[in-house]
file structure.txt (compact mmCIF, C-alpha atoms)
# COMPACT_ATOMS: atom_id res chain seq x y z
CA MET A 1 0.00 0.00 0.00
CA SER A 2 1.33 3.42 -0.97
CA HIS A 3 1.30 6.13 1.71
CA THR A 4 1.63 9.92 1.63
CA PRO A 5 5.27 10.92 2.27
CA PHE A 6 5.92 13.30 5.13
CA HIS A 7 8.54 15.37 6.93
CA LEU A 8 10.12 14.95 10.36
CA ALA A 9 11.49 17.55 12.75
CA TRP A 10 12.36 17.83 16.42
CA PHE A 11 11.24 20.47 18.91
CA ILE A 12 13.74 21.11 21.72
CA SER A 13 11.12 21.83 24.33
CA LYS A 14 12.23 24.11 27.18
CA GLY A 15 15.01 25.38 24.92
CA TYR A 16 18.66 25.36 25.87
CA GLY A 17 17.94 24.31 29.43
CA PRO A 18 18.12 21.32 31.82
CA LYS A 19 16.74 18.02 30.52
CA ALA A 20 15.65 14.94 32.47
CA TRP A 21 17.73 15.99 35.47
CA ARG A 22 15.34 14.07 37.78
CA GLN A 23 15.26 10.95 35.59
CA PRO A 24 17.31 7.71 35.74
CA TRP A 25 18.43 8.24 32.12
CA GLY A 26 19.23 11.92 32.66
CA GLY A 27 23.00 11.52 32.63
CA SER A 28 25.60 11.12 35.35
CA ASN A 29 26.07 14.84 36.06
CA PRO A 30 22.95 17.02 35.70
CA ARG A 31 25.09 20.14 36.15
CA ASN A 32 26.49 19.56 32.67
CA TRP A 33 23.25 20.80 31.07
CA VAL A 34 25.00 24.11 30.37
CA HIS A 35 27.27 22.35 27.87
CA PRO A 36 25.89 21.58 24.39
CA ASP A 37 26.87 17.87 24.29
CA LEU A 38 23.36 16.39 24.62
CA PHE A 39 21.99 18.70 21.93
CA VAL A 40 24.92 17.98 19.61
CA ASP A 41 24.23 14.25 20.03
CA LEU A 42 20.57 14.94 19.23
CA ALA A 43 21.43 16.89 16.07
CA ARG A 44 23.79 14.21 14.80
CA SER A 45 21.16 11.53 15.42
CA LEU A 46 18.50 13.56 13.62
CA GLU A 47 20.77 14.05 10.62
CA ARG A 48 21.53 10.33 10.55
CA ALA A 49 17.75 9.79 10.41
CA ALA A 50 17.39 12.51 7.71
CA PHE A 51 15.12 14.83 9.69
CA ASP A 52 14.30 18.14 8.03
CA TYR A 53 15.14 20.30 11.02
CA VAL A 54 15.62 20.76 14.72
CA MET A 55 13.93 23.77 16.36
CA ILE A 56 15.24 25.33 19.59
CA GLU A 57 12.44 26.78 21.72
CA ASP A 58 13.19 29.81 23.86
CA SER A 59 11.84 32.31 26.37
CA SER A 60 13.87 34.94 28.18
CA ASN A 61 12.52 35.01 31.70
CA ILE A 62 12.10 32.93 34.83
CA PRO A 63 8.30 32.78 34.98
CA TYR A 64 6.18 33.66 37.97
CA THR A 65 2.68 33.14 36.52
CA TYR A 66 1.83 30.05 38.58
CA GLY A 67 0.93 31.17 42.09
CA ASN A 68 2.62 34.53 41.43
CA SER A 69 5.95 32.95 42.37
CA HIS A 70 9.21 31.67 40.85
CA GLU A 71 9.24 28.78 43.34
CA THR A 72 7.78 25.92 41.26
CA TYR A 73 9.63 27.03 38.14
CA LEU A 74 13.01 26.98 39.84
CA ARG A 75 12.39 23.94 42.03
CA TYR A 76 11.65 21.71 39.05
CA ALA A 77 13.47 23.69 36.32
CA VAL A 78 10.14 24.33 34.60
CA ASP A 79 10.81 26.29 31.41
CA SER A 80 13.85 27.79 33.12
CA PRO A 81 16.72 28.42 33.32
CA LYS A 82 17.63 28.81 29.64
CA LEU A 83 20.76 29.84 27.80
CA ASP A 84 20.76 31.70 24.50
CA PRO A 85 19.51 29.49 21.61
CA ALA A 86 21.52 31.36 18.97
CA VAL A 87 24.75 30.25 20.64
CA LEU A 88 23.54 26.63 20.78
CA ALA A 89 22.57 26.85 17.11
CA THR A 90 26.20 27.41 16.12
CA TYR A 91 27.23 24.16 17.83
CA LEU A 92 24.46 22.21 16.09
CA ILE A 93 25.42 23.73 12.75
CA GLN A 94 29.06 22.79 13.23
CA ALA A 95 28.15 19.20 14.12
CA THR A 96 25.95 18.59 11.04
CA HIS A 97 25.93 19.05 7.26
CA ARG A 98 22.32 18.79 6.04
CA LEU A 99 20.03 19.24 9.04
CA GLY A 100 18.10 22.51 9.21
CA VAL A 101 18.64 24.43 12.47
CA VAL A 102 15.81 26.75 13.54
CA THR A 103 16.36 29.32 16.28
CA THR A 104 13.51 30.93 18.24
CA LEU A 105 13.92 34.72 18.28
CA SER A 106 11.18 37.05 19.48
CA THR A 107 10.01 40.17 17.67
CA SER A 108 9.55 41.82 21.07
CA GLU A 109 13.15 41.22 22.13
CA TYR A 110 15.23 42.00 19.03
CA HIS A 111 15.27 45.07 16.83
CA PRO A 112 14.53 43.98 13.22
CA PHE A 113 18.01 44.97 12.03
CA GLN A 114 19.67 42.99 14.82
CA LEU A 115 17.56 39.93 14.08
CA ALA A 116 18.08 40.17 10.32
CA ARG A 117 21.83 40.36 10.85
CA LEU A 118 21.93 37.42 13.30
CA THR A 119 19.82 35.09 11.16
CA ASN A 120 21.69 36.09 8.00
CA THR A 121 24.94 35.18 9.77
CA LEU A 122 23.57 31.79 10.87
CA ASP A 123 22.54 31.05 7.28
CA HIS A 124 26.03 31.93 6.04
CA VAL A 125 27.92 29.83 8.57
CA SER A 126 25.57 26.86 8.02
CA HIS A 127 25.89 27.02 4.21
CA GLY A 128 22.15 27.61 3.89
CA ARG A 129 20.58 25.59 6.73
CA ALA A 130 19.30 28.28 9.08
CA GLY A 131 15.72 28.95 10.09
CA TRP A 132 13.98 31.55 12.23
CA ASN A 133 11.14 30.50 14.53
CA LEU A 134 9.17 33.73 14.39
CA VAL A 135 7.50 34.38 17.74
CA THR A 136 5.95 37.55 19.15
CA GLY A 137 6.38 36.76 22.86
CA SER A 138 3.59 35.63 25.15
CA ASN A 139 4.58 35.93 28.81
CA ASP A 140 4.44 39.26 30.64
CA GLY A 141 7.59 38.43 32.58
CA GLY A 142 9.58 38.33 29.35
CA ALA A 143 8.20 41.69 28.27
CA GLN A 144 9.06 43.19 31.65
CA ASN A 145 12.67 42.07 31.27
CA PHE A 146 12.83 44.32 28.20
CA GLY A 147 11.31 47.35 29.86
CA LEU A 148 7.62 46.90 29.02
CA ASP A 149 4.77 46.69 31.52
CA GLY A 150 3.56 43.50 29.86
CA GLN A 151 2.97 41.95 26.45
CA TYR A 152 1.01 43.94 23.92
CA PRO A 153 -2.50 42.57 23.21
CA HIS A 154 -2.45 39.33 21.23
CA ASP A 155 -3.69 40.62 17.87
CA LYS A 156 -1.64 43.81 18.08
CA ARG A 157 1.49 41.70 18.49
CA TYR A 158 0.70 40.11 15.14
CA ASP A 159 0.04 43.51 13.56
CA MET A 160 3.47 44.60 14.77
CA ALA A 161 5.01 41.32 13.60
CA ASP A 162 3.63 41.81 10.08
CA GLU A 163 5.54 45.08 9.81
CA TYR A 164 8.57 43.59 11.57
CA THR A 165 8.80 40.64 9.17
CA ASP A 166 8.36 42.87 6.15
CA LEU A 167 11.34 44.93 7.31
CA VAL A 168 13.49 41.89 8.10
CA ILE A 169 12.91 40.45 4.62
CA LYS A 170 13.73 43.80 3.00
CA LEU A 171 16.99 43.85 4.96
CA TRP A 172 17.79 40.23 4.01
CA GLU A 173 17.26 41.16 0.36
CA SER A 174 19.02 44.55 0.41
CA TRP A 175 22.01 42.91 -1.27
CA ASP A 176 21.47 41.36 -4.70
CA ALA A 177 22.58 37.74 -4.86
CA ASP A 178 25.49 38.69 -7.17
CA ALA A 179 26.51 41.92 -5.42
CA MET A 180 29.70 40.44 -3.93
CA VAL A 181 31.79 40.26 -7.13
CA ILE A 182 35.27 40.09 -5.49
CA ASP A 183 37.12 41.23 -8.61
CA ARG A 184 40.77 41.28 -7.57
CA GLN A 185 42.06 42.58 -10.89
CA ASN A 186 39.88 45.72 -10.75
CA GLU A 187 39.89 45.88 -6.93
CA ILE A 188 36.12 45.68 -6.56
CA PHE A 189 34.86 43.68 -3.60
CA ALA A 190 31.15 44.48 -4.02
CA ASP A 191 29.13 46.30 -6.67
CA HIS A 192 27.61 49.26 -4.84
CA THR A 193 24.77 49.50 -7.36
CA LYS A 194 23.54 46.12 -6.17
CA VAL A 195 23.42 47.07 -2.47
CA ARG A 196 20.52 49.31 -1.47
CA PRO A 197 19.24 51.01 1.68
CA VAL A 198 15.65 50.15 2.48
CA HIS A 199 14.59 53.47 4.11
CA PHE A 200 11.82 51.65 5.98
CA GLU A 201 9.40 53.92 7.85
CA GLY A 202 6.62 51.94 9.52
CA GLN A 203 4.13 52.52 12.27
CA TYR A 204 6.20 50.50 14.75
CA PHE A 205 9.67 50.10 13.25
CA ARG A 206 12.13 52.00 11.13
CA SER A 207 15.52 51.24 9.63
CA ARG A 208 17.70 52.77 6.95
CA GLY A 209 19.53 49.65 5.80
CA PRO A 210 21.11 48.03 3.90
CA LEU A 211 22.03 44.98 5.94
CA ALA A 212 25.72 45.02 6.85
CA ALA A 213 26.33 41.64 5.19
CA PRO A 214 25.74 40.02 1.78
CA ARG A 215 22.69 37.97 0.94
CA SER A 216 22.87 34.54 2.55
CA PRO A 217 23.00 31.18 0.72
CA GLN A 218 19.24 30.58 0.88
CA GLY A 219 18.48 34.21 0.04
CA ARG A 220 16.59 34.31 3.30
CA PRO A 221 16.49 31.83 6.22
CA VAL A 222 13.45 29.55 6.40
CA ILE A 223 10.64 31.10 8.46
CA CYS A 224 9.00 28.82 11.01
CA GLN A 225 5.86 29.91 12.88
CA ALA A 226 3.31 28.56 15.34
CA GLY A 227 0.29 30.75 14.71
CA GLY A 228 -2.86 28.80 15.58
CA SER A 229 -5.37 31.45 16.65
CA PRO A 230 -7.50 33.04 13.91
CA ARG A 231 -5.15 36.05 13.76
CA GLY A 232 -2.13 33.77 14.04
CA ARG A 233 -3.28 31.68 11.10
CA VAL A 234 -3.61 34.78 8.92
CA PHE A 235 -0.06 35.69 9.89
CA ALA A 236 1.32 32.18 9.37
CA ALA A 237 -0.35 31.81 5.97
CA ARG A 238 1.31 35.06 4.89
CA TRP A 239 4.87 34.48 6.11
CA ALA A 240 5.58 30.92 7.29
CA GLU A 241 7.27 28.17 5.33
CA THR A 242 6.82 25.58 8.04
CA ILE A 243 4.21 25.75 10.80
CA ILE A 244 4.43 23.90 14.09
CA THR A 245 1.14 23.21 15.80
CA SER A 246 -0.63 20.90 18.23
CA ALA A 247 -3.93 19.11 17.76
CA ARG A 248 -6.07 16.74 19.78
CA SER A 249 -7.35 14.59 16.92
CA VAL A 250 -6.73 13.59 13.33
CA ASP A 251 -9.79 15.55 12.21
CA SER A 252 -8.48 18.71 13.87
CA MET A 253 -5.10 18.18 12.21
CA LYS A 254 -6.75 17.96 8.82
CA ALA A 255 -8.97 20.97 9.53
CA PHE A 256 -5.97 23.06 10.55
CA ARG A 257 -3.89 22.12 7.51
CA ASP A 258 -6.80 22.65 5.11
CA ASP A 259 -7.49 26.06 6.66
CA ILE A 260 -3.85 27.17 6.36
CA ARG A 261 -3.69 26.04 2.74
CA GLN A 262 -6.88 27.93 1.91
CA ARG A 263 -5.57 31.06 3.59
CA ALA A 264 -2.24 30.75 1.77
CA ALA A 265 -3.97 30.45 -1.59
CA ALA A 266 -6.12 33.49 -0.78
CA ALA A 267 -2.92 35.41 0.01
CA GLY A 268 -1.48 34.51 -3.39
CA ARG A 269 0.90 31.82 -2.14
CA ASN A 270 1.31 28.24 -3.31
CA PRO A 271 -0.13 26.12 -0.46
CA ASP A 272 2.51 23.48 -1.12
CA SER A 273 5.17 26.00 -0.03
CA ILE A 274 3.97 25.68 3.58
CA LYS A 275 4.65 22.51 5.57
CA CYS A 276 2.47 21.93 8.66
CA LEU A 277 4.13 19.75 11.29
CA PHE A 278 2.15 18.42 14.24
CA LEU A 279 3.60 17.97 17.73
CA ILE A 280 3.68 14.40 18.99
CA ASN A 281 5.28 12.57 21.90
CA PRO A 282 5.09 8.83 21.08
CA ILE A 283 6.29 6.03 23.34
CA VAL A 284 8.03 3.12 21.60
CA ASP A 285 9.57 -0.01 23.03
CA GLU A 286 10.61 -3.44 21.78
CA SER A 287 7.29 -4.83 22.99
CA ARG A 288 3.82 -3.36 23.45
CA GLU A 289 3.98 -4.42 27.11
CA GLY A 290 7.18 -2.45 27.57
CA ALA A 291 5.68 0.61 25.89
CA GLU A 292 2.55 0.37 28.04
CA ALA A 293 4.70 0.16 31.16
CA ARG A 294 6.55 3.29 30.05
CA ARG A 295 3.22 5.06 29.51
CA ARG A 296 2.06 4.17 33.01
CA ALA A 297 5.35 5.45 34.44
CA ARG A 298 4.97 8.72 32.52
CA GLU A 299 1.38 9.16 33.72
CA ALA A 300 2.36 8.35 37.31
CA ASP A 301 5.13 10.92 37.18
CA ALA A 302 2.74 13.53 35.81
CA GLU A 303 0.18 12.70 38.52
CA SER A 304 2.77 13.09 41.28
CA HIS A 305 4.10 16.35 39.85
CA LEU A 306 0.92 18.16 38.87
CA ALA A 307 2.19 21.53 40.09
CA MET A 308 5.20 21.23 37.82
CA HIS A 309 3.03 20.68 34.74
CA LEU A 310 0.47 23.30 35.75
CA ALA A 311 3.27 25.84 36.11
CA SER A 312 4.27 25.18 32.51
CA LEU A 313 0.67 25.55 31.32
CA SER A 314 0.45 28.81 33.26
CA ARG A 315 3.55 30.21 31.55
CA THR A 316 2.39 29.48 28.01
CA SER A 317 -1.16 30.68 28.62
CA GLY A 318 -0.56 33.57 31.00
CA ILE A 319 -3.29 32.08 33.24
CA ASP A 320 -2.57 31.17 36.85
CA PHE A 321 -3.90 27.61 37.01
CA SER A 322 -3.22 27.37 40.75
CA ARG A 323 -6.62 29.10 41.12
CA PHE A 324 -8.61 26.20 39.60
CA ASP A 325 -9.81 22.89 41.01
CA LEU A 326 -7.87 19.98 39.52
CA ASP A 327 -10.96 17.89 38.88
CA GLU A 328 -13.53 20.47 37.78
CA PRO A 329 -14.04 21.02 34.04
CA LEU A 330 -12.45 24.28 33.00
CA PRO A 331 -14.67 27.13 31.81
CA GLU A 332 -14.06 29.22 28.70
CA LEU A 333 -10.74 30.98 29.20
CA LYS A 334 -9.25 34.17 27.83
CA SER A 335 -5.54 34.29 27.15
CA ASN A 336 -3.09 36.89 25.93
CA GLY A 337 -0.60 34.06 25.47
CA HIS A 338 -0.81 30.85 23.43
CA GLN A 339 -4.46 30.95 22.44
CA THR A 340 -4.36 27.75 20.37
CA LEU A 341 -3.42 25.67 23.41
CA VAL A 342 -5.91 27.42 25.69
CA ALA A 343 -8.71 26.78 23.18
CA GLN A 344 -8.23 23.03 23.81
CA TYR A 345 -8.78 23.33 27.59
CA PRO A 346 -12.46 24.24 28.23
CA GLY A 347 -14.54 21.25 29.35
CA ARG A 348 -11.46 19.28 30.37
CA THR A 349 -9.99 19.03 33.86
CA LEU A 350 -6.48 20.15 34.70
CA ARG A 351 -5.67 16.63 35.86
CA GLU A 352 -6.68 15.26 32.46
CA ILE A 353 -4.73 17.92 30.58
CA THR A 354 -1.51 17.44 32.54
CA THR A 355 -1.53 13.63 32.35
CA ALA A 356 -2.46 13.53 28.65
CA GLY A 357 0.46 15.69 27.54
CA LYS A 358 0.74 15.76 23.74
CA SER A 359 -1.14 12.50 23.21
CA LEU A 360 -3.94 12.37 20.65
CA ALA A 361 -7.48 11.63 21.76
CA ASP A 362 -8.21 9.28 18.85
CA VAL A 363 -4.89 7.59 18.00
CA ASP A 364 -2.78 5.86 20.63
CA LEU A 365 0.90 6.45 19.75
CA VAL A 366 2.20 3.81 22.16
CA GLY A 367 3.64 0.48 21.03
CA THR A 368 6.46 -1.10 19.09
CA PRO A 369 8.26 0.96 16.43
CA LYS A 370 6.42 -0.97 13.73
CA GLU A 371 3.01 -0.35 15.31
CA VAL A 372 3.59 3.37 15.88
CA ALA A 373 5.07 3.85 12.39
CA ALA A 374 1.94 2.38 10.82
CA LYS A 375 -0.26 4.69 12.89
CA LEU A 376 1.76 7.78 11.88
CA ALA A 377 1.52 6.82 8.23
CA GLY A 378 -2.25 6.39 8.60
CA ILE A 379 -2.60 9.80 10.24
CA ILE A 380 -0.82 11.62 7.42
CA ASP A 381 -2.83 9.71 4.82
CA ALA A 382 -5.97 11.07 6.49
CA VAL A 383 -4.58 14.59 6.99
CA GLY A 384 -3.00 14.87 3.54
CA GLY A 385 0.49 15.99 4.74
CA ASP A 386 2.93 17.37 5.94
CA GLY A 387 4.61 15.75 8.94
CA PHE A 388 5.42 15.51 12.63
CA LEU A 389 7.46 17.41 15.17
CA PHE A 390 8.73 15.20 17.98
CA MET A 391 8.73 16.71 21.45
CA GLU A 392 10.05 15.18 24.66
CA PRO A 393 10.53 17.67 27.52
CA GLU A 394 12.50 15.11 29.57
CA LEU A 395 15.00 14.62 26.77
CA THR A 396 17.35 11.65 27.16
CA ARG A 397 19.77 9.94 24.81
CA ARG A 398 17.67 6.81 25.26
CA TYR A 399 14.56 8.51 23.87
CA ILE A 400 16.53 10.02 21.00
CA ALA A 401 17.77 6.55 19.99
CA GLU A 402 14.30 5.00 20.31
CA ILE A 403 12.99 7.49 17.76
CA THR A 404 15.91 7.90 15.37
CA ASP A 405 17.19 4.30 15.45
CA GLY A 406 13.95 2.48 16.26
CA LEU A 407 10.90 4.32 14.90
CA VAL A 408 12.41 6.11 11.89
CA PRO A 409 13.78 2.94 10.23
CA GLU A 410 10.25 1.51 10.34
CA LEU A 411 8.93 4.69 8.72
CA GLN A 412 11.62 4.38 6.07
CA ARG A 413 10.61 0.78 5.41
CA LEU A 414 7.07 2.04 4.80
CA GLY A 415 8.47 4.54 2.32
CA VAL A 416 6.90 7.55 4.07
CA VAL A 417 10.06 9.44 5.08
CA ARG A 418 13.33 10.04 3.29
CA GLN A 419 16.34 7.81 3.77
CA ASP A 420 18.78 10.51 2.72
CA TYR A 421 18.73 14.20 1.93
CA GLU A 422 17.89 15.27 -1.59
CA HIS A 423 19.61 18.66 -1.30
CA GLU A 424 22.26 20.58 0.60
CA ARG A 425 20.07 23.44 1.81
CA PHE A 426 17.24 23.50 4.31
CA ARG A 427 14.50 25.07 2.18
CA ASP A 428 15.21 22.77 -0.76
CA ASN A 429 14.80 19.69 1.45
CA LEU A 430 11.65 21.11 3.02
CA LEU A 431 10.11 21.61 -0.45
CA ALA A 432 11.38 18.32 -1.90
CA PHE A 433 7.92 16.78 -1.44

call {"tool": "encode", "arguments": {"input": "structure.txt", "output": "structure tokens"}}
result
Amino acid sequence: MSHTPFHLAWFISKGYGPKAWRQPWGGSNPRNWVHPDLFVDLARSLERAAFDYVMIEDSSNIPYTYGNSHETYLRYAVDSPKLDPAVLATYLIQATHRLGVVTTLSTSEYHPFQLARLTNTLDHVSHGRAGWNLVTGSNDGGAQNFGLDGQYPHDKRYDMADEYTDLVIKLWESWDADAMVIDRQNEIFADHTKVRPVHFEGQYFRSRGPLAAPRSPQGRPVICQAGGSPRGRVFAARWAETIITSARSVDSMKAFRDDIRQRAAAAGRNPDSIKCLFLINPIVDESREGAEARRRAREADAESHLAMHLASLSRTSGIDFSRFDLDEPLPELKSNGHQTLVAQYPGRTLREITTAGKSLADVDLVGTPKEVAAKLAGIIDAVGGDGFLFMEPELTRRYIAEITDGLVPELQRLGVVRQDYEHERFRDNLLAF
């Protein structure tokens, strides 16, 4: 039976921070989380398995949303501390040759010129494998670290990001691709007629330009985005080349992808130029019994550390979930943070949400590599494309191997994922199918 081919990527949840420090497979010295070794091992494994990209999540504050305190966040290392993802990206780039490396950089924390310069540099040093996870910021604590009283209203952040992205792209493209002639005989390094200021004057941002560096190998780094709210989808359909999103069912996956493709077409874009990747957190083991035992252990850990998980939900949503009963269905909620996630909460209890994690309501992604591979292939057949983004907050080398050396070979045997890279550059591989 022929299946729809799809893409694979990895989401480094909690960014460049501690991983699995409480867990038996968390390494011999948890203090070594500040060194990039685990993430370098991850990147090399992903490239061996021919993943499209690895994305480094980030936020720039120690949250206090849950219970109006840093306590839970620091006690369990919940979404903090974090080191700078752009520095980690350079290590991952150096350790690989084909894997795309996507860095989360917020429009509320970087001036457009600074961001354009940084991402252009990453694309140069990676020989065309850099990506920008375009986020607007969501937590008030992060905004306060940069001198604001709090985050701007949700939809206004996207209005500002539209202008921001327009400026960044103009800066990326302020050098023609052939501007750097390097003519030794006539002593001409660059043709000044092919380098232009942008003289951008917007409502929120301004910059003279041009960028202080030549156009990068891809022309512009790949733009990754996670817009899932109605306003976020408009934004993603306009700018994104790959979208990361979460869904509770196969039907909701299909509905999301169909909606993005329709919006992209309405905006004059080719829908096939946008790849939607859905967050998953499968459990695989040599036997179904072993996988089920691992699931029970994961659920037991979540049940005994509810505050830890609720603190994370509070950070992403901006809602203090310490105020709600664990076993009462949640009401309709308003969020100035991640509205797509919050929209999945009403009618469910906090206990259910925290123990379910990123599992799907209608497909059980627990079993042997062969069983889970068949289920993933069936999901994409039903959805129509484009792929999955693996996420494991308690990242261990054991889990990396179970996916890249256990699950992926089964997907390759089904013919649904690549066995090797078709191209040298990130965007070319992303658009290969």

call {"tool": "closest_residue", "arguments": {"input": "structure.txt", "among": "A:Arg98, A:Arg298, A:Arg397, A:His111", "to": "Glu47 (chain A)", "atoms": "only C-alpha atoms"}}
result
A:Arg98

call {"tool": "closest_residue", "arguments": {"input": "structure.txt", "among": "A:His127, A:Pro153, A:Ser216, A:Ser207", "to": "Ser335 (chain A)", "atoms": "only C-alpha atoms"}}
result
A:Pro153

call {"tool": "residues_around", "arguments": {"input": "structure.txt", "residues": "Ser138 (chain A)", "least_positions_apart": "3", "cutoff": "7 Å", "atoms": "all atoms listed in the file", "output": "compact mmCIF listing (two decimals) with C-alpha atoms, in the frame of the given file"}}
result
# COMPACT_ATOMS: atom_id res chain seq x y z
CA GLN A 151 2.97 41.95 26.45
CA THR A 316 2.39 29.48 28.01
CA ASN A 336 -3.09 36.89 25.93
CA GLY A 337 -0.60 34.06 25.47
CA HIS A 338 -0.81 30.85 23.43

call {"tool": "residues_near_point", "arguments": {"input": "structure.txt", "point": "(2.2, 29.4, 10.9)", "cutoff": "12 Å", "atoms": "only C-alpha atoms", "output": "PyMOL selection string"}}
result
chain A and resi 133-135+158+223-246+256-257+259-261+263-264+273-278+340

call {"tool": "atom_distance", "arguments": {"input": "structure.txt", "atom1": "CA of Tyr421 (chain A)", "atom2": "CA of Ala43 (chain A)"}}
result
14.6 Å

call {"tool": "closest_residue", "arguments": {"input": "structure.txt", "among": "A:Thr165, A:Ser312, A:Gln419, A:Gln262", "to": "Gly67 (chain A)", "atoms": "all atoms listed in the file"}}
result
A:Ser312

call {"tool": "closest_residue", "arguments": {"input": "structure.txt", "among": "A:Ala130, A:Leu341, A:Val366, A:Leu8", "to": "Glu292 (chain A)", "atoms": "all atoms listed in the file"}}
result
A:Val366

call {"tool": "residues_around", "arguments": {"input": "structure.txt", "residues": "Asp381 (chain A)", "least_positions_apart": "3", "cutoff": "6 Å", "atoms": "all atoms listed in the file", "output": "list in words"}}
result
Thr4, Gly378 and Gly384 of chain A

call {"tool": "atom_distance", "arguments": {"input": "structure.txt", "atom1": "CA of Glu303 (chain A)", "atom2": "CA of Thr355 (chain A)"}}
result
6.5 Å

call {"tool": "residues_around", "arguments": {"input": "structure.txt", "residues": "Arg418 (chain A)", "least_positions_apart": "6", "cutoff": "9 Å", "atoms": "all atoms listed in the file", "output": "ChimeraX atom specification"}}
result
/A:5-7,49-51,411-412

call {"tool": "atom_distance", "arguments": {"input": "structure.txt", "atom1": "CA of Asn120 (chain A)", "atom2": "CA of Arg269 (chain A)"}}
result
23.5 Å

call {"tool": "closest_residue", "arguments": {"input": "structure.txt", "among": "A:Ala212, A:Leu395, A:Phe200, A:Ile188", "to": "Trp21 (chain A)", "atoms": "only C-alpha atoms"}}
result
A:Leu395

call {"tool": "residues_around", "arguments": {"input": "structure.txt", "residues": "Leu105 (chain A)", "least_positions_apart": "6", "cutoff": "9 Å", "atoms": "all atoms listed in the file", "output": "PyMOL selection string"}}
result
chain A and resi 57-59+85-86+115+132-136

call {"tool": "closest_residue", "arguments": {"input": "structure.txt", "among": "A:Phe388, A:Tyr91, A:Trp33, A:Tyr152", "to": "Asp140 (chain A)", "atoms": "all atoms listed in the file"}}
result
A:Tyr152

call {"tool": "residues_around", "arguments": {"input": "structure.txt", "residues": "Asp327 (chain A)", "least_positions_apart": "5", "cutoff": "8 Å", "atoms": "only C-alpha atoms", "output": "PyMOL selection string"}}
result
chain A and resi 349-351

call {"tool": "decode", "arguments": {"input": "structure.txt", "residues": "region 400-404 of chain A", "atoms": "all heavy atoms", "output": "PDB file, in the first residue's frame"}}
result
ATOM      1  N   ILE A 400      16.056   9.644  22.327  1.00  0.00           N
ATOM      2  CA  ILE A 400      16.534  10.019  20.996  1.00  0.00           C
ATOM      3  C   ILE A 400      16.774   8.772  20.153  1.00  0.00           C
ATOM      4  O   ILE A 400      16.345   8.680  18.995  1.00  0.00           O
ATOM      5  CB  ILE A 400      17.835  10.846  21.107  1.00  0.00           C
ATOM      6  CG1 ILE A 400      17.574  12.180  21.802  1.00  0.00           C
ATOM      7  CG2 ILE A 400      18.431  11.084  19.711  1.00  0.00           C
ATOM      8  CD1 ILE A 400      18.845  12.909  22.214  1.00  0.00           C
ATOM      9  N   ALA A 401      17.456   7.780  20.725  1.00  0.00           N
ATOM     10  CA  ALA A 401      17.766   6.549  19.992  1.00  0.00           C
ATOM     11  C   ALA A 401      16.505   5.762  19.656  1.00  0.00           C
ATOM     12  O   ALA A 401      16.403   5.170  18.568  1.00  0.00           O
ATOM     13  CB  ALA A 401      18.728   5.684  20.801  1.00  0.00           C
ATOM     14  N   GLU A 402      15.539   5.737  20.574  1.00  0.00           N
ATOM     15  CA  GLU A 402      14.302   4.999  20.313  1.00  0.00           C
ATOM     16  C   GLU A 402      13.567   5.564  19.095  1.00  0.00           C
ATOM     17  O   GLU A 402      12.958   4.810  18.329  1.00  0.00           O
ATOM     18  CB  GLU A 402      13.403   5.044  21.546  1.00  0.00           C
ATOM     19  CG  GLU A 402      13.908   4.171  22.682  1.00  0.00           C
ATOM     20  CD  GLU A 402      13.218   4.472  24.002  1.00  0.00           C
ATOM     21  OE1 GLU A 402      12.552   5.513  24.118  1.00  0.00           O
ATOM     22  OE2 GLU A 402      13.381   3.657  24.931  1.00  0.00           O
ATOM     23  N   ILE A 403      13.649   6.883  18.913  1.00  0.00           N
ATOM     24  CA  ILE A 403      12.987   7.494  17.762  1.00  0.00           C
ATOM     25  C   ILE A 403      13.838   7.378  16.506  1.00  0.00           C
ATOM     26  O   ILE A 403      13.382   6.892  15.465  1.00  0.00           O
ATOM     27  CB  ILE A 403      12.656   8.971  18.055  1.00  0.00           C
ATOM     28  CG1 ILE A 403      11.720   9.085  19.265  1.00  0.00           C
ATOM     29  CG2 ILE A 403      12.037   9.631  16.819  1.00  0.00           C
ATOM     30  CD1 ILE A 403      10.412   8.357  19.137  1.00  0.00           C
ATOM     31  N   THR A 404      15.094   7.819  16.586  1.00  0.00           N
ATOM     32  CA  THR A 404      15.910   7.896  15.366  1.00  0.00           C
ATOM     33  C   THR A 404      16.417   6.533  14.898  1.00  0.00           C
ATOM     34  O   THR A 404      16.596   6.322  13.702  1.00  0.00           O
ATOM     35  CB  THR A 404      17.104   8.840  15.577  1.00  0.00           C
ATOM     36  OG1 THR A 404      17.918   8.363  16.651  1.00  0.00           O
ATOM     37  CG2 THR A 404      16.621  10.248  15.896  1.00  0.00           C
TER      38      THR A 404
END
